[in-house]
Amino acid sequence: MSFDVDVESLRATRLVRGWYARDALVVARALVGCLVVHERGEGGGEGRPRVSRVVETEAYRGPKDLACHARAGLTRRTRSLLGTEGHAYVFLVYGMHECFNVTCAGEGMGHAVLVRAAEPVSGLDPGARLDGPGRFARAMATSRALDGHDLTRPPLYLCGRPRRPRIAVSARVGVAYAGDWAARLWRFYDPSSVHVSRPPKKSIGLG
DNA sequence: CATATGATTCCA
DNA sequence: GGAATCATATGA
């Protein structure tokens with residue numbers, strides 16, 4: 001159904017290492033509107049590339065950020081999180097959902113940006129839902145098998161945004177345990193997109 | 001080895 | 001509102 005994409009053109013617009021070598025707050029904002037390209041499916045190579053446009057992100061800023069997994073130091077799980085910028089950090093949450101993150105800042109910094117939602121562009125069911133970290137990772141097949149993958153190389157990489165989107169900010173979702181850090185406005189999203197995930201409602205009457 | 005707890009989603 | 005479901009971190 002969706003139009004064929006020119007893989008060579010996509011590859012040519014890949015984001016380079018230096019793009020990721022910035023604070024997670026900067027990368028999280030810049031990532032909204034960018035494309036995620038996965039040239040291989042779960043089968044390991046069948047089908048067209050899966051392409052989606054990011055509409056929602058969250059910044060996680062290293063050991064001092066109590067909502068960031070880097071607070072646990074270097075473990076088998078946080079190995080890629082604490083590695084070089086521009087790599088995938090994928091982990092399982094709640095025993096069933098995988099979360100896809102992009103490492104940034106620099107080696108050992110523990111900065112990462114969580115991709116929380118995107119809209120389908122190509123190679124996906126036009127009606128596919130990619131709102132919510134679990135749905136995004138499942139639809140794009142960005143599983144833990146890709147943890148530690150270098151995002152400047154195929155089969156999984158990011159491309160610069162075709163157009164500059166509007167950006168809205170809010171507190172991060174699901175990190176109430178992190179005390180003062182939970183209140184920081186480190187979630188970035190395109191308010192004009194219907195694909196943005198909705199935070200759990202803790203109160204009613206918000207319209 | 002045992003156990004508490006999530007960077008969530010789906011159903012009632 | 002509450003269950004599903006398990007890797008991870010932590011402590012014994």
# chains A, B, ... in the order shown; residues from 1 in each chain; ligands from 1

call {"tool": "select_by_dssp", "arguments": {"residues": "region 63-187 of chain A", "states": "strand (DSSP E)", "output": "PyMOL selection string"}}
result
chain A and resi 88-93+97-104+111-122+130-131+156-159+168-170+187

call {"tool": "interface_residues", "arguments": {"of": "chain B", "to": "chain A", "cutoff": "9 Å", "atoms": "only C-alpha atoms (C1' of nucleotides)", "output": "list of chain:residue names"}}
result
B:DT5, B:DG6, B:DA7, B:DT8, B:DT9

call {"tool": "select_by_dssp", "arguments": {"residues": "region 6-176 of chain A", "states": "helix (DSSP H, G or I)", "output": "VMD selection string"}}
result
chain A and resid 7 to 12 17 to 20 24 to 31 69 to 72 133 to 140 144 to 146 176

call {"tool": "atom_distance", "arguments": {"atom1": "CA of Ala117 (chain A)", "atom2": "CA of Ala183 (chain A)"}}
result
20.4 Å

call {"tool": "residues_around", "arguments": {"residues": "DC10 (chain B)", "least_positions_apart": "2", "cutoff": "12 Å", "atoms": "only C-alpha atoms (C1' of nucleotides)", "output": "compact mmCIF listing (two decimals) with all heavy atoms, in the first residue's frame"}}
result
# COMPACT_ATOMS: atom_id res chain seq x y z
P DT B 8 6.34 3.65 30.95
OP1 DT B 8 5.68 4.34 29.86
OP2 DT B 8 6.05 4.00 32.34
O5' DT B 8 6.07 2.09 30.73
C5' DT B 8 6.39 1.46 29.49
C4' DT B 8 5.27 0.57 29.03
O4' DT B 8 4.74 -0.20 30.14
C3' DT B 8 4.07 1.30 28.42
O3' DT B 8 3.92 0.86 27.09
C2' DT B 8 2.88 0.89 29.29
C1' DT B 8 3.35 -0.39 29.94
N1 DT B 8 2.77 -0.70 31.25
C2 DT B 8 2.25 -1.96 31.44
O2 DT B 8 2.24 -2.82 30.59
N3 DT B 8 1.74 -2.19 32.68
C4 DT B 8 1.70 -1.31 33.73
O4 DT B 8 1.23 -1.62 34.80
C5 DT B 8 2.26 -0.01 33.47
C7 DT B 8 2.29 1.03 34.53
C6 DT B 8 2.76 0.22 32.25
P DA B 12 -12.62 -8.09 28.99
OP1 DA B 12 -12.95 -9.53 28.93
OP2 DA B 12 -13.06 -7.18 27.90
O5' DA B 12 -13.13 -7.51 30.38
C5' DA B 12 -12.62 -8.03 31.61
C4' DA B 12 -13.11 -7.18 32.77
O4' DA B 12 -12.47 -5.89 32.72
C3' DA B 12 -14.62 -6.92 32.76
O3' DA B 12 -15.13 -6.93 34.08
C2' DA B 12 -14.72 -5.52 32.17
C1' DA B 12 -13.46 -4.88 32.73
N9 DA B 12 -12.97 -3.77 31.89
C8 DA B 12 -12.79 -3.75 30.54
N7 DA B 12 -12.34 -2.61 30.08
C5 DA B 12 -12.22 -1.82 31.21
C6 DA B 12 -11.79 -0.50 31.40
N6 DA B 12 -11.39 0.31 30.41
N1 DA B 12 -11.79 -0.01 32.66
C2 DA B 12 -12.20 -0.81 33.66
N3 DA B 12 -12.62 -2.08 33.59
C4 DA B 12 -12.60 -2.53 32.33
P DG C 2 -8.10 -1.43 42.32
OP1 DG C 2 -8.62 -1.66 43.66
OP2 DG C 2 -6.85 -0.68 42.10
O5' DG C 2 -7.93 -2.84 41.59
C5' DG C 2 -8.73 -3.16 40.46
C4' DG C 2 -8.13 -4.32 39.71
O4' DG C 2 -7.86 -3.91 38.34
C3' DG C 2 -6.80 -4.83 40.24
O3' DG C 2 -6.70 -6.22 39.95
C2' DG C 2 -5.79 -4.03 39.44
C1' DG C 2 -6.47 -3.99 38.09
N9 DG C 2 -6.09 -2.83 37.29
C8 DG C 2 -5.81 -1.56 37.72
N7 DG C 2 -5.50 -0.73 36.76
C5 DG C 2 -5.57 -1.51 35.62
C6 DG C 2 -5.35 -1.17 34.26
O6 DG C 2 -5.01 -0.07 33.79
N1 DG C 2 -5.53 -2.25 33.44
C2 DG C 2 -5.89 -3.51 33.84
N2 DG C 2 -6.02 -4.43 32.90
N3 DG C 2 -6.11 -3.84 35.10
C4 DG C 2 -5.94 -2.80 35.93
P DA C 3 -5.57 -7.14 40.60
OP1 DA C 3 -6.14 -7.93 41.69
OP2 DA C 3 -4.37 -6.31 40.84
O5' DA C 3 -5.28 -8.11 39.38
C5' DA C 3 -6.37 -8.56 38.58
C4' DA C 3 -5.88 -8.98 37.21
O4' DA C 3 -5.53 -7.82 36.43
C3' DA C 3 -4.63 -9.86 37.25
O3' DA C 3 -4.73 -10.88 36.28
C2' DA C 3 -3.50 -8.89 36.94
C1' DA C 3 -4.18 -7.90 36.01
N9 DA C 3 -3.63 -6.54 36.07
C8 DA C 3 -3.41 -5.79 37.18
N7 DA C 3 -2.92 -4.59 36.93
C5 DA C 3 -2.80 -4.58 35.56
C6 DA C 3 -2.32 -3.59 34.66
N6 DA C 3 -1.88 -2.39 35.06
N1 DA C 3 -2.34 -3.88 33.36
C2 DA C 3 -2.78 -5.09 32.96
N3 DA C 3 -3.25 -6.09 33.71
C4 DA C 3 -3.23 -5.76 35.01
P DA C 4 -3.80 -12.13 36.31
OP1 DA C 4 -4.63 -13.33 36.06
OP2 DA C 4 -2.97 -12.04 37.52
O5' DA C 4 -2.87 -11.90 35.05
C5' DA C 4 -3.47 -11.57 33.80
C4' DA C 4 -2.39 -11.18 32.80
O4' DA C 4 -1.99 -9.82 33.03
C3' DA C 4 -1.11 -12.02 32.91
O3' DA C 4 -0.64 -12.33 31.61
C2' DA C 4 -0.14 -11.11 33.64
C1' DA C 4 -0.58 -9.75 33.13
N9 DA C 4 -0.27 -8.64 34.03
C8 DA C 4 -0.28 -8.64 35.39
N7 DA C 4 0.03 -7.49 35.94
C5 DA C 4 0.26 -6.66 34.84
C6 DA C 4 0.62 -5.31 34.73
N6 DA C 4 0.83 -4.52 35.78
N1 DA C 4 0.78 -4.80 33.51
C2 DA C 4 0.56 -5.60 32.45
N3 DA C 4 0.21 -6.89 32.42
C4 DA C 4 0.07 -7.36 33.67

call {"tool": "interface_residues", "arguments": {"of": "chain C", "to": "chain A", "cutoff": "10 Å", "atoms": "only C-alpha atoms (C1' of nucleotides)", "output": "list in words"}}
result
DA4, DT5, DC6, DA7, DT8 and DA9 of chain C

call {"tool": "write_last_selection", "arguments": {"atoms": "C-alpha atoms (C1' of nucleotides)", "output": "PDB file, in the first residue's frame"}}
result
ATOM      1  C1'  DA C   4      -0.582  -9.747  33.128  1.00  0.00           C
ATOM      2  C1'  DT C   5       4.288 -11.227  33.445  1.00  0.00           C
ATOM      3  C1'  DC C   6       9.601 -11.482  33.926  1.00  0.00           C
ATOM      4  C1'  DA C   7      14.357  -9.359  33.605  1.00  0.00           C
ATOM      5  C1'  DT C   8      16.935  -6.836  36.600  1.00  0.00           C
ATOM      6  C1'  DA C   9      18.894  -5.269  40.760  1.00  0.00           C
TER       7       DA C   9
END

call {"tool": "residues_around", "arguments": {"residues": "Trp19 (chain A)", "least_positions_apart": "4", "cutoff": "12 Å", "atoms": "only C-alpha atoms (C1' of nucleotides)", "output": "ChimeraX atom specification"}}
result
/A:14-15,23-24,26-28,30-31,85-87,102-106,151-152,158-160

call {"tool": "atom_distance", "arguments": {"atom1": "CA of Arg48 (chain A)", "atom2": "CA of Arg198 (chain A)"}}
result
29.5 Å

call {"tool": "decode", "arguments": {"residues": "chain B", "atoms": "all heavy atoms", "output": "short mmCIF file (atom, residue, chain, number, x, y, z; two decimals), in the first residue's frame"}}
result
data_model
loop_
_atom_site.label_atom_id
_atom_site.label_comp_id
_atom_site.auth_asym_id
_atom_site.auth_seq_id
_atom_site.Cartn_x
_atom_site.Cartn_y
_atom_site.Cartn_z
P DC B 1 20.99 -21.32 42.83
OP1 DC B 1 20.69 -22.61 42.40
OP2 DC B 1 22.01 -20.44 42.57
"O5'" DC B 1 19.91 -20.72 43.82
"C5'" DC B 1 19.63 -21.48 44.99
"C4'" DC B 1 18.98 -20.60 46.02
"O4'" DC B 1 19.80 -19.42 46.25
"C3'" DC B 1 17.58 -20.11 45.65
"O3'" DC B 1 16.73 -20.23 46.80
"C2'" DC B 1 17.79 -18.65 45.30
"C1'" DC B 1 18.99 -18.26 46.17
N1 DC B 1 19.79 -17.17 45.56
C2 DC B 1 19.64 -15.87 46.03
O2 DC B 1 18.86 -15.64 46.95
N3 DC B 1 20.35 -14.88 45.44
C4 DC B 1 21.18 -15.16 44.45
N4 DC B 1 21.87 -14.15 43.89
C5 DC B 1 21.36 -16.48 43.95
C6 DC B 1 20.63 -17.45 44.54
P DA B 2 15.12 -20.10 46.51
OP1 DA B 2 14.45 -21.03 47.43
OP2 DA B 2 14.86 -20.16 45.06
"O5'" DA B 2 14.82 -18.62 47.03
"C5'" DA B 2 15.13 -18.28 48.37
"C4'" DA B 2 14.61 -16.89 48.68
"O4'" DA B 2 15.46 -15.91 48.04
"C3'" DA B 2 13.18 -16.62 48.19
"O3'" DA B 2 12.52 -15.85 49.16
"C2'" DA B 2 13.41 -15.87 46.88
"C1'" DA B 2 14.70 -15.10 47.16
N9 DA B 2 15.55 -14.88 45.99
C8 DA B 2 15.87 -15.77 45.00
N7 DA B 2 16.68 -15.29 44.10
C5 DA B 2 16.92 -13.98 44.52
C6 DA B 2 17.71 -12.95 43.99
N6 DA B 2 18.44 -13.05 42.87
N1 DA B 2 17.73 -11.76 44.66
C2 DA B 2 16.99 -11.66 45.78
N3 DA B 2 16.22 -12.56 46.37
C4 DA B 2 16.23 -13.72 45.69
P DT B 3 10.92 -15.56 48.98
OP1 DT B 3 10.33 -15.65 50.33
OP2 DT B 3 10.39 -16.36 47.87
"O5'" DT B 3 10.93 -14.04 48.55
"C5'" DT B 3 11.73 -13.11 49.28
"C4'" DT B 3 11.78 -11.78 48.57
"O4'" DT B 3 12.76 -11.81 47.50
"C3'" DT B 3 10.46 -11.36 47.92
"O3'" DT B 3 10.26 -9.99 48.15
"C2'" DT B 3 10.73 -11.61 46.45
"C1'" DT B 3 12.19 -11.17 46.38
N1 DT B 3 12.90 -11.60 45.17
C2 DT B 3 13.79 -10.72 44.61
O2 DT B 3 14.04 -9.63 45.07
N3 DT B 3 14.43 -11.18 43.48
C4 DT B 3 14.24 -12.40 42.86
O4 DT B 3 14.85 -12.70 41.86
C5 DT B 3 13.27 -13.27 43.50
C7 DT B 3 12.98 -14.61 42.92
C6 DT B 3 12.66 -12.83 44.61
P DA B 4 8.77 -9.43 48.42
OP1 DA B 4 8.47 -9.55 49.85
OP2 DA B 4 7.87 -10.02 47.42
"O5'" DA B 4 8.98 -7.88 48.09
"C5'" DA B 4 10.20 -7.25 48.47
"C4'" DA B 4 10.55 -6.17 47.46
"O4'" DA B 4 11.23 -6.75 46.32
"C3'" DA B 4 9.34 -5.42 46.90
"O3'" DA B 4 9.67 -4.05 46.79
"C2'" DA B 4 9.13 -6.07 45.54
"C1'" DA B 4 10.55 -6.41 45.13
N9 DA B 4 10.66 -7.56 44.22
C8 DA B 4 9.94 -8.72 44.26
N7 DA B 4 10.28 -9.59 43.34
C5 DA B 4 11.28 -8.95 42.63
C6 DA B 4 12.06 -9.35 41.53
N6 DA B 4 11.94 -10.52 40.93
N1 DA B 4 12.97 -8.46 41.07
C2 DA B 4 13.10 -7.30 41.68
N3 DA B 4 12.43 -6.81 42.73
C4 DA B 4 11.53 -7.71 43.16
P DT B 5 8.51 -2.99 46.40
OP1 DT B 5 8.76 -1.76 47.19
OP2 DT B 5 7.21 -3.67 46.46
"O5'" DT B 5 8.86 -2.67 44.89
"C5'" DT B 5 10.16 -2.24 44.54
"C4'" DT B 5 10.29 -2.17 43.03
"O4'" DT B 5 10.48 -3.50 42.49
"C3'" DT B 5 9.07 -1.59 42.31
"O3'" DT B 5 9.53 -0.68 41.31
"C2'" DT B 5 8.43 -2.80 41.66
"C1'" DT B 5 9.68 -3.61 41.33
N1 DT B 5 9.44 -5.04 41.03
C2 DT B 5 10.23 -5.64 40.08
O2 DT B 5 11.12 -5.06 39.51
N3 DT B 5 9.94 -6.96 39.84
C4 DT B 5 8.95 -7.71 40.45
O4 DT B 5 8.78 -8.87 40.15
C5 DT B 5 8.16 -7.00 41.43
C7 DT B 5 7.06 -7.71 42.14
C6 DT B 5 8.44 -5.72 41.67
P DG B 6 9.08 0.89 41.28
OP1 DG B 6 10.23 1.66 40.74
OP2 DG B 6 8.44 1.28 42.50
"O5'" DG B 6 7.91 0.87 40.18
"C5'" DG B 6 8.03 1.31 38.84
"C4'" DG B 6 9.25 0.77 38.16
"O4'" DG B 6 9.39 -0.65 38.42
"C3'" DG B 6 9.19 0.88 36.64
"O3'" DG B 6 10.51 0.76 36.14
"C2'" DG B 6 8.40 -0.38 36.29
"C1'" DG B 6 9.07 -1.36 37.24
N9 DG B 6 8.21 -2.49 37.62
C8 DG B 6 7.16 -2.45 38.47
N7 DG B 6 6.60 -3.62 38.65
C5 DG B 6 7.35 -4.47 37.87
C6 DG B 6 7.23 -5.86 37.67
O6 DG B 6 6.40 -6.63 38.16
N1 DG B 6 8.18 -6.35 36.79
C2 DG B 6 9.15 -5.57 36.19
N2 DG B 6 9.99 -6.21 35.38
N3 DG B 6 9.28 -4.29 36.38
C4 DG B 6 8.35 -3.79 37.22
P DA B 7 11.23 1.96 35.27
OP1 DA B 7 12.37 1.27 34.72
OP2 DA B 7 11.35 3.03 36.28
"O5'" DA B 7 10.40 2.49 34.02
"C5'" DA B 7 9.38 3.47 34.19
"C4'" DA B 7 9.06 4.12 32.85
"O4'" DA B 7 10.20 4.92 32.46
"C3'" DA B 7 8.82 3.15 31.70
"O3'" DA B 7 7.99 3.78 30.72
"C2'" DA B 7 10.22 2.95 31.14
"C1'" DA B 7 10.78 4.37 31.29
N9 DA B 7 12.22 4.40 31.49
C8 DA B 7 12.89 4.26 32.65
N7 DA B 7 14.18 4.34 32.52
C5 DA B 7 14.38 4.56 31.17
C6 DA B 7 15.51 4.74 30.38
N6 DA B 7 16.74 4.73 30.88
N1 DA B 7 15.34 4.92 29.06
C2 DA B 7 14.11 4.92 28.58
N3 DA B 7 12.95 4.76 29.21
C4 DA B 7 13.16 4.60 30.51
P DT B 8 6.34 3.65 30.95
OP1 DT B 8 5.68 4.34 29.86
OP2 DT B 8 6.05 4.00 32.34
"O5'" DT B 8 6.07 2.09 30.73
"C5'" DT B 8 6.39 1.46 29.49
"C4'" DT B 8 5.27 0.57 29.03
"O4'" DT B 8 4.74 -0.20 30.14
"C3'" DT B 8 4.07 1.30 28.42
"O3'" DT B 8 3.92 0.86 27.09
"C2'" DT B 8 2.88 0.89 29.29
"C1'" DT B 8 3.35 -0.39 29.94
N1 DT B 8 2.77 -0.70 31.25
C2 DT B 8 2.25 -1.96 31.44
O2 DT B 8 2.24 -2.82 30.59
N3 DT B 8 1.74 -2.19 32.68
C4 DT B 8 1.70 -1.31 33.73
O4 DT B 8 1.23 -1.62 34.80
C5 DT B 8 2.26 -0.01 33.47
C7 DT B 8 2.29 1.03 34.53
C6 DT B 8 2.76 0.22 32.25
P DT B 9 2.82 1.50 26.10
OP1 DT B 9 3.41 1.54 24.75
OP2 DT B 9 2.30 2.74 26.69
"O5'" DT B 9 1.67 0.40 26.10
"C5'" DT B 9 2.03 -0.93 25.75
"C4'" DT B 9 0.91 -1.89 26.08
"O4'" DT B 9 0.72 -1.97 27.50
"C3'" DT B 9 -0.46 -1.52 25.48
"O3'" DT B 9 -0.89 -2.64 24.73
"C2'" DT B 9 -1.34 -1.26 26.70
"C1'" DT B 9 -0.65 -2.10 27.77
N1 DT B 9 -0.88 -1.64 29.16
C2 DT B 9 -1.28 -2.56 30.11
O2 DT B 9 -1.48 -3.71 29.86
N3 DT B 9 -1.44 -2.04 31.37
C4 DT B 9 -1.23 -0.73 31.77
O4 DT B 9 -1.40 -0.40 32.92
C5 DT B 9 -0.81 0.16 30.72
C7 DT B 9 -0.57 1.60 31.04
C6 DT B 9 -0.65 -0.33 29.48
P DC B 10 -2.21 -2.50 23.79
OP1 DC B 10 -1.90 -3.17 22.54
OP2 DC B 10 -2.70 -1.11 23.80
"O5'" DC B 10 -3.26 -3.39 24.61
"C5'" DC B 10 -2.87 -4.71 25.01
"C4'" DC B 10 -3.92 -5.28 25.94
"O4'" DC B 10 -3.79 -4.67 27.24
"C3'" DC B 10 -5.35 -5.03 25.47
"O3'" DC B 10 -6.09 -6.23 25.55
"C2'" DC B 10 -5.86 -3.97 26.44
"C1'" DC B 10 -5.06 -4.27 27.70
N1 DC B 10 -4.90 -3.08 28.56
C2 DC B 10 -5.02 -3.22 29.94
O2 DC B 10 -5.24 -4.32 30.42
N3 DC B 10 -4.90 -2.12 30.72
C4 DC B 10 -4.65 -0.93 30.17
N4 DC B 10 -4.54 0.11 30.98
C5 DC B 10 -4.52 -0.78 28.77
C6 DC B 10 -4.65 -1.87 28.01
P DC B 11 -7.63 -6.24 24.92
OP1 DC B 11 -7.68 -7.36 23.99
OP2 DC B 11 -8.02 -4.88 24.47
"O5'" DC B 11 -8.49 -6.58 26.21
"C5'" DC B 11 -7.98 -7.54 27.16
"C4'" DC B 11 -8.75 -7.42 28.45
"O4'" DC B 11 -8.30 -6.25 29.18
"C3'" DC B 11 -10.27 -7.23 28.23
"O3'" DC B 11 -10.98 -8.05 29.14
"C2'" DC B 11 -10.49 -5.76 28.53
"C1'" DC B 11 -9.43 -5.52 29.61
N1 DC B 11 -9.05 -4.10 29.75
C2 DC B 11 -8.95 -3.54 31.02
O2 DC B 11 -9.16 -4.24 32.00
N3 DC B 11 -8.63 -2.23 31.13
C4 DC B 11 -8.41 -1.50 30.04
N4 DC B 11 -8.09 -0.22 30.21
C5 DC B 11 -8.51 -2.05 28.73
C6 DC B 11 -8.83 -3.34 28.64
P DA B 12 -12.62 -8.09 28.99
OP1 DA B 12 -12.95 -9.53 28.93
OP2 DA B 12 -13.06 -7.18 27.90
"O5'" DA B 12 -13.13 -7.51 30.38
"C5'" DA B 12 -12.62 -8.03 31.61
"C4'" DA B 12 -13.11 -7.18 32.77
"O4'" DA B 12 -12.47 -5.89 32.72
"C3'" DA B 12 -14.62 -6.92 32.76
"O3'" DA B 12 -15.13 -6.93 34.08
"C2'" DA B 12 -14.72 -5.52 32.17
"C1'" DA B 12 -13.46 -4.88 32.73
N9 DA B 12 -12.97 -3.77 31.89
C8 DA B 12 -12.79 -3.75 30.54
N7 DA B 12 -12.34 -2.61 30.08
C5 DA B 12 -12.22 -1.82 31.21
C6 DA B 12 -11.79 -0.50 31.40
N6 DA B 12 -11.39 0.31 30.41
N1 DA B 12 -11.79 -0.01 32.66
C2 DA B 12 -12.20 -0.81 33.66
N3 DA B 12 -12.62 -2.08 33.59
C4 DA B 12 -12.60 -2.53 32.33
#
